[in-house]
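Let me begin by presenting the structure, written as structure tokens, before commenting on it.
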Number of protein chains: 2
Amino acid sequence: MILKSQVEWALHCCAILAGLPEGRYLSTKALAELHGLPKEYLSKALQSLSQASLVDTTLGPSGGYRLARPSSEINFLDIVEAVEGKARSFTCTNIRDNNPCRPAGYCDSKPCAVARIMWEADEAWRDTLRRVRLSDLVGTLSEEVPAELWRSTFEWVLKRAG
Amino acid sequence: MILKSQVEWALHCCAILAGLPEGRYLSTKALAELHGLPKEYLSKALQSLSQASLVDTTLGPSGGYRLARPSSEINFLDIVEAVEGKARSFTCTNIRDNNPCRPAGYCDSKPCAVARIMWEADEAWRDTLRRVRLSDLVGTLSEEVPAELWRSTFEWVLKRAG
DNA sequence: AATTTGCGGATATGATGTATCCTTAATTCC
DNA sequence: GGAATTAAGGATACATCATATCCGCAAATT
């Protein structure tokens with residue numbers, strides 16, 4: 001059970017977008033260069049964010065991406081689900097239906113007890129991600145990343161932001 | 001991020017094994033028939049349980065599997081990790097290292113803030129699974145499964161248990 | 001008009017989950 | 001002792017999906 005690398009990419013890109021001044025856009029090209037990622041494939045991840053309405057886009061030179069909402073109104077789960085999908089990690093295939101002892105036409109009243117527990121764990125995972133806002137990440141980064149690197153990075157970004 | 005179907009199989013099989021009388025074994029063949037699963041492939045899942053020391057095995061006719069510990073001392077995470085592996089769902093590839101603004105030879109003091117949050121969610125998932133014992137599942141099933149089906153199923157199982 | 005951008009489709013490749021088959025060694029039963 | 005049964009593990013095939021690249025289109029800027 002491994003998350004796509006696009007999840008990591010999308011989270012880091014959103015953290016950068018969160019630091020953009022109001023109204024500016026940053027292109028796929030700049031985000032790919034900044035993170036050392038394949039531009040064309042990163043583009044797919046960003047398209048997922050766009051389809052989920054997490055980011056706004058604009059075309060042409062000086063075009064690119066910006067957050068569609070304040071970073072305090074976007075949480076980790078929003079981003080993760082945008083690229084990874086909203087499907088649960090456990091799918092119940094109802095193998096108990098194959099029990100040869102079952103009377104014909106028997107129908108379960110509840111979802112399988114095994115599935116309920118697996119889904120509960122899935123929800124715990126989602127809850128944790130839901131509780132962390134993108135702005136929280138930015139706050140942590142701004143504390144942990146050395147001030148000089150933080151400054152030079154955004155200088156680099158702003159030089160490329162349309 | 002989808003769990004293997006073997007996870008579902010292993011959980012259901014363990015629930016059956018938990019109902020076996022002391023010292024009896026149940027074969028792959030019986031477990032496969034009971035759940036309508038491909039015998040040869042289910043065998044791989046059971047081998048994983050064996051390698052994780054969750055079950056004991058014995059060879060020959062009347063051979064098969066039984067729990068290695070009481071069902072109250074086996075939790076969901078034990079079983080899930082046995083077949084799914086213990087690797088975290090999120091792997092940090094340290095793409096921040098590619099930041100062109102980084103001074104050469106720069107080394108991070110902490111793991112990436114993004115990774116820490118993703119790992120926290122992963123731990124929440126694992127904690128939930130760790131808190132549910134196999135005996136809890138059996139308790140739930142014995143309440144929810146109609147008494148007659150429950151009885152006839154174990155009659156079916158005992159007829160095949162060595 | 002030329003360039004740059006996001007977007008979607010088509011395609012290729014590698015890894016992994018799913019599934020089957022076969023051999024080997026251990027155990028039971030006759 | 002011999003036949004049957006079992007778990008274990010290796011080899012192989014196939015399908016699905018993540019990864020990655022390329023192309024053409026429409027929109028926006030210069």
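Scheme for the structure tokens: letters A, B, ... for chains in order shown; per-chain residue numbers from 1; ligand numbers from 1 in order shown.
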
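Non-sequential neighbours of region 3-16 of chain C (distance at most 8 Å, separation of 6 or more positions within a chain, only C-alpha atoms (C1' of nucleotides)) are Ser27, Gln47, Thr57, Thr58, Leu59, Gly60, Pro61, Ser62, Gly63 and Gly64 of chain A; DA18, DT19, DA28, DT29 and DT30 of chain D.
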
Least-squares align chain A to chain B using all Cα atoms paired by position, then dump the moved coordinates as a compact mmCIF listing (two decimals) with C-alpha atoms, in the first residue's frame.
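File produced: selection14.txt:
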# COMPACT_ATOMS: atom_id res chain seq x y z
CA MET A 1 -3.39 3.28 -2.33
CA ILE A 2 -5.17 -0.05 -2.27
CA LEU A 3 -4.51 -2.95 0.09
CA LYS A 4 -4.05 -6.37 -1.46
CA SER A 5 -7.06 -8.63 -1.46
CA GLN A 6 -4.86 -11.04 0.48
CA VAL A 7 -5.37 -8.79 3.50
CA GLU A 8 -9.10 -9.47 3.43
CA TRP A 9 -8.46 -13.17 2.92
CA ALA A 10 -5.99 -13.41 5.79
CA LEU A 11 -8.33 -11.64 8.21
CA HIS A 12 -11.26 -13.91 7.42
CA CYS A 13 -9.06 -17.00 7.60
CA CYS A 14 -7.71 -15.98 10.99
CA ALA A 15 -11.26 -15.49 12.23
CA ILE A 16 -11.99 -19.08 11.27
CA LEU A 17 -8.77 -20.40 12.77
CA ALA A 18 -9.65 -18.59 15.99
CA GLY A 19 -12.72 -20.80 16.26
CA LEU A 20 -10.81 -24.06 15.95
CA PRO A 21 -10.64 -26.26 19.04
CA GLU A 22 -7.26 -26.49 20.72
CA GLY A 23 -4.69 -28.42 18.71
CA ARG A 24 -6.69 -28.86 15.51
CA TYR A 25 -5.43 -27.72 12.10
CA LEU A 26 -7.29 -26.48 9.03
CA SER A 27 -5.86 -26.84 5.52
CA THR A 28 -5.50 -24.29 2.75
CA LYS A 29 -7.91 -26.37 0.73
CA ALA A 30 -10.66 -26.07 3.35
CA LEU A 31 -10.09 -22.33 3.85
CA ALA A 32 -10.13 -21.75 0.10
CA GLU A 33 -13.37 -23.67 -0.35
CA LEU A 34 -15.03 -21.92 2.57
CA HIS A 35 -14.28 -18.49 1.15
CA GLY A 36 -14.42 -19.30 -2.55
CA LEU A 37 -10.80 -18.35 -3.14
CA PRO A 38 -8.05 -19.70 -5.43
CA LYS A 39 -6.28 -22.29 -3.31
CA GLU A 40 -2.79 -21.79 -4.69
CA TYR A 41 -2.85 -18.05 -4.27
CA LEU A 42 -4.49 -18.09 -0.86
CA SER A 43 -1.62 -20.35 0.08
CA LYS A 44 0.75 -17.42 -0.39
CA ALA A 45 -1.19 -15.31 2.07
CA LEU A 46 -1.15 -18.12 4.62
CA GLN A 47 2.57 -18.54 4.10
CA SER A 48 2.95 -14.88 4.99
CA LEU A 49 1.06 -15.49 8.23
CA SER A 50 3.36 -18.42 8.91
CA GLN A 51 6.51 -16.40 8.28
CA ALA A 52 5.20 -13.78 10.69
CA SER A 53 4.77 -16.52 13.31
CA LEU A 54 1.08 -15.80 13.62
CA VAL A 55 0.16 -19.37 12.77
CA ASP A 56 1.65 -22.82 13.27
CA THR A 57 1.64 -25.36 10.51
CA THR A 58 1.92 -29.09 10.17
CA LEU A 59 2.32 -31.28 7.12
CA GLY A 60 0.61 -34.33 5.74
CA PRO A 61 -3.03 -35.34 5.67
CA SER A 62 -4.88 -33.69 8.55
CA GLY A 63 -2.27 -30.96 8.38
CA GLY A 64 -2.82 -27.25 7.87
CA TYR A 65 -2.85 -24.12 9.97
CA ARG A 66 -3.77 -23.08 13.48
CA LEU A 67 -3.17 -19.89 15.43
CA ALA A 68 0.22 -19.69 17.11
CA ARG A 69 -1.22 -17.60 19.96
CA PRO A 70 -4.60 -17.03 21.57
CA SER A 71 -6.79 -14.76 19.43
CA SER A 72 -6.71 -12.18 22.20
CA GLU A 73 -2.97 -11.82 21.64
CA ILE A 74 -3.19 -11.20 17.91
CA ASN A 75 -4.35 -7.84 16.62
CA PHE A 76 -5.42 -6.61 13.20
CA LEU A 77 -2.12 -4.87 12.55
CA ASP A 78 -0.23 -8.13 13.08
CA ILE A 79 -2.25 -9.75 10.32
CA VAL A 80 -2.33 -6.79 7.96
CA GLU A 81 1.41 -6.23 8.23
CA ALA A 82 2.12 -9.92 7.76
CA VAL A 83 0.70 -9.89 4.26
CA GLU A 84 1.02 -6.22 3.32
CA GLY A 85 4.46 -5.56 4.75
CA LYS A 86 5.54 -3.07 7.38
CA ALA A 87 6.61 -0.30 5.03
CA ARG A 88 5.03 3.10 5.52
CA SER A 89 2.51 4.22 2.94
CA PHE A 90 4.38 7.46 2.34
CA THR A 91 7.99 7.52 1.27
CA CYS A 92 9.90 10.76 1.39
CA THR A 93 12.18 11.13 -1.61
CA ASN A 94 13.59 14.37 -0.28
CA ILE A 95 12.75 16.45 -3.29
CA ARG A 96 13.61 19.56 -1.30
CA ASP A 97 17.22 18.50 -1.79
CA ASN A 98 16.87 19.56 -5.40
CA ASN A 99 16.14 23.16 -4.52
CA PRO A 100 18.65 25.07 -6.65
CA CYS A 101 18.97 27.68 -3.89
CA ARG A 102 20.47 25.17 -1.50
CA PRO A 103 24.07 25.73 -0.54
CA ALA A 104 26.28 22.77 -1.53
CA GLY A 105 26.76 20.20 1.20
CA TYR A 106 23.71 21.37 3.08
CA CYS A 107 22.28 18.66 5.30
CA ASP A 108 18.83 18.56 6.92
CA SER A 109 18.70 18.28 10.66
CA LYS A 110 15.18 16.85 10.74
CA PRO A 111 13.12 14.65 8.43
CA CYS A 112 10.95 16.64 6.06
CA ALA A 113 7.91 18.33 7.64
CA VAL A 114 5.67 16.92 4.94
CA ALA A 115 6.86 13.40 5.66
CA ARG A 116 6.38 13.82 9.40
CA ILE A 117 2.72 14.65 8.90
CA MET A 118 2.13 11.82 6.45
CA TRP A 119 3.83 9.42 8.83
CA GLU A 120 1.68 10.67 11.68
CA ALA A 121 -1.42 9.75 9.67
CA ASP A 122 0.12 6.39 8.91
CA GLU A 123 0.64 5.82 12.61
CA ALA A 124 -2.99 6.73 13.35
CA TRP A 125 -4.02 4.05 10.87
CA ARG A 126 -1.72 1.52 12.49
CA ASP A 127 -2.83 2.46 15.99
CA THR A 128 -6.44 1.79 15.09
CA LEU A 129 -5.58 -1.62 13.73
CA ARG A 130 -3.35 -2.36 16.68
CA ARG A 131 -6.17 -1.70 19.12
CA VAL A 132 -8.48 -4.31 17.60
CA ARG A 133 -7.77 -7.86 18.67
CA LEU A 134 -8.67 -10.88 16.63
CA SER A 135 -10.78 -12.00 19.57
CA ASP A 136 -12.77 -8.77 19.26
CA LEU A 137 -13.60 -9.66 15.68
CA VAL A 138 -14.67 -13.14 16.67
CA GLY A 139 -16.88 -11.65 19.37
CA THR A 140 -18.55 -9.32 16.89
CA LEU A 141 -19.05 -12.08 14.36
CA SER A 142 -20.56 -14.45 16.88
CA GLU A 143 -23.12 -11.77 17.70
CA GLU A 144 -23.89 -10.69 14.16
CA VAL A 145 -23.78 -13.91 12.21
CA PRO A 146 -27.08 -15.77 12.56
CA ALA A 147 -26.69 -18.54 15.10
CA GLU A 148 -27.66 -21.27 12.69
CA LEU A 149 -25.14 -20.17 10.05
CA TRP A 150 -22.47 -19.81 12.70
CA ARG A 151 -23.14 -23.33 13.95
CA SER A 152 -23.29 -24.97 10.52
CA THR A 153 -20.13 -23.20 9.40
CA PHE A 154 -18.09 -24.56 12.27
CA GLU A 155 -19.65 -27.96 11.80
CA TRP A 156 -18.42 -27.75 8.19
CA VAL A 157 -14.99 -26.63 9.37
CA LEU A 158 -14.60 -29.26 12.07
CA LYS A 159 -15.44 -31.98 9.57
CA ARG A 160 -12.33 -30.90 7.67
CA ALA A 161 -10.03 -29.94 10.52
CA GLY A 162 -7.25 -32.41 11.20

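For the pair C1' of DA20 (chain D) and C1' of DT18 (chain C), the separation is 24.6 Å.
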
Out of chain B, which residues get alpha helix (DSSP H) from DSSP, as a VMD selection string?
chain B and resid 5 to 17 28 to 35 39 to 51 76 to 84 113 to 131 134 to 144 147 to 160

- Task: Check every residue of chain D for an atom within 10 Å of chain B, counting only C-alpha atoms (C1' of nucleotides), and provide those that qualify as a PyMOL selection string.
- Result: chain D and resi 4-9

Once you have the residues from the selection above, write them out as a PDB file, in the first residue's frame, restricted to N, CA and C atoms (P, O5', C5', C4', C3', O3' and C1' of nucleotides).
ATOM      1  P    DA D   4      -2.224 -43.161  -4.490  1.00  0.00           P
ATOM      2  O5'  DA D   4      -2.640 -42.085  -3.382  1.00  0.00           O
ATOM      3  C5'  DA D   4      -3.463 -42.489  -2.294  1.00  0.00           C
ATOM      4  C4'  DA D   4      -3.529 -41.381  -1.257  1.00  0.00           C
ATOM      5  C3'  DA D   4      -3.789 -39.980  -1.832  1.00  0.00           C
ATOM      6  O3'  DA D   4      -4.857 -39.379  -1.129  1.00  0.00           O
ATOM      7  C1'  DA D   4      -1.884 -39.957  -0.405  1.00  0.00           C
ATOM      8  P    DT D   5      -5.385 -37.901  -1.592  1.00  0.00           P
ATOM      9  O5'  DT D   5      -4.722 -36.924  -0.535  1.00  0.00           O
ATOM     10  C5'  DT D   5      -4.880 -37.195   0.856  1.00  0.00           C
ATOM     11  C4'  DT D   5      -4.077 -36.191   1.671  1.00  0.00           C
ATOM     12  C3'  DT D   5      -4.189 -34.743   1.170  1.00  0.00           C
ATOM     13  O3'  DT D   5      -4.596 -33.913   2.237  1.00  0.00           O
ATOM     14  C1'  DT D   5      -1.925 -35.351   1.505  1.00  0.00           C
ATOM     15  P    DT D   6      -5.137 -32.433   1.954  1.00  0.00           P
ATOM     16  O5'  DT D   6      -3.942 -31.521   2.458  1.00  0.00           O
ATOM     17  C5'  DT D   6      -3.518 -31.588   3.822  1.00  0.00           C
ATOM     18  C4'  DT D   6      -2.103 -31.083   3.959  1.00  0.00           C
ATOM     19  C3'  DT D   6      -1.824 -29.713   3.357  1.00  0.00           C
ATOM     20  O3'  DT D   6      -2.047 -28.699   4.314  1.00  0.00           O
ATOM     21  C1'  DT D   6       0.000 -31.262   3.049  1.00  0.00           C
ATOM     22  P    DA D   7      -1.959 -27.150   3.876  1.00  0.00           P
ATOM     23  O5'  DA D   7      -0.432 -26.770   4.140  1.00  0.00           O
ATOM     24  C5'  DA D   7       0.115 -26.871   5.455  1.00  0.00           C
ATOM     25  C4'  DA D   7       1.604 -26.568   5.430  1.00  0.00           C
ATOM     26  C3'  DA D   7       1.968 -25.151   5.002  1.00  0.00           C
ATOM     27  O3'  DA D   7       3.055 -24.685   5.790  1.00  0.00           O
ATOM     28  C1'  DA D   7       2.919 -26.712   3.491  1.00  0.00           C
ATOM     29  P    DA D   8       3.635 -23.223   5.535  1.00  0.00           P
ATOM     30  O5'  DA D   8       4.780 -23.436   4.452  1.00  0.00           O
ATOM     31  C5'  DA D   8       5.897 -24.275   4.767  1.00  0.00           C
ATOM     32  C4'  DA D   8       6.905 -24.187   3.641  1.00  0.00           C
ATOM     33  C3'  DA D   8       7.101 -22.784   3.085  1.00  0.00           C
ATOM     34  O3'  DA D   8       8.460 -22.408   3.189  1.00  0.00           O
ATOM     35  C1'  DA D   8       6.686 -24.356   1.340  1.00  0.00           C
ATOM     36  P    DG D   9       8.924 -20.905   2.867  1.00  0.00           P
ATOM     37  O5'  DG D   9       9.528 -21.004   1.398  1.00  0.00           O
ATOM     38  C5'  DG D   9      10.336 -22.110   1.058  1.00  0.00           C
ATOM     39  C4'  DG D   9      10.471 -22.200  -0.444  1.00  0.00           C
ATOM     40  C3'  DG D   9      10.606 -20.840  -1.153  1.00  0.00           C
ATOM     41  O3'  DG D   9      11.690 -20.908  -2.055  1.00  0.00           O
ATOM     42  C1'  DG D   9       8.949 -22.133  -2.186  1.00  0.00           C
TER      43       DG D   9
END

Restrict the calculation to only C-alpha atoms (C1' of nucleotides), then for each residue of chain C with any atom at most 9 Å from an atom of chain B give the closest atom pair and their distance in Å to one decimal, rows by chain and rising residue number, as CSV.
residue,atom,partner,partner_atom,distance
C:DG17,C1',B:Lys4,CA,7.1
C:DT18,C1',B:Tyr41,CA,8.0
C:DA19,C1',B:Tyr41,CA,6.4
C:DT20,C1',B:Glu40,CA,7.3
C:DA26,C1',B:Leu59,CA,5.8
C:DT27,C1',B:Gly60,CA,4.0
C:DT28,C1',B:Pro61,CA,5.4
C:DC29,C1',B:Pro61,CA,8.2

Based on the selection just made, write C-alpha atoms (C1' of nucleotides) of those residues as a PDB file, in the first residue's frame.
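This went into out_1.pdb:
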ATOM      1  C1'  DG C  17      -0.743  -7.643  -7.604  1.00  0.00           C
ATOM      2  C1'  DT C  18      -3.003 -11.712  -9.101  1.00  0.00           C
ATOM      3  C1'  DA C  19      -2.891 -16.377 -10.428  1.00  0.00           C
ATOM      4  C1'  DT C  20      -1.221 -20.995 -11.820  1.00  0.00           C
ATOM      5  C1'  DA C  26       7.372 -33.805   5.857  1.00  0.00           C
ATOM      6  C1'  DT C  27       3.477 -36.281   7.808  1.00  0.00           C
ATOM      7  C1'  DT C  28      -0.434 -39.446   8.026  1.00  0.00           C
ATOM      8  C1'  DC C  29      -2.927 -43.440   6.874  1.00  0.00           C
TER       9       DC C  29
END

Report task. Taking the chain letters and numbering used in this document, name the residues of region 14-85 of chain A that DSSP puts in strand (DSSP E), as a PyMOL selection string. Result -> chain A and resi 55-58+64-67

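Computed from the coordinates, the C1' of DC21 (chain C) to C1' of DC14 (chain D) distance equals 14.0 Å.
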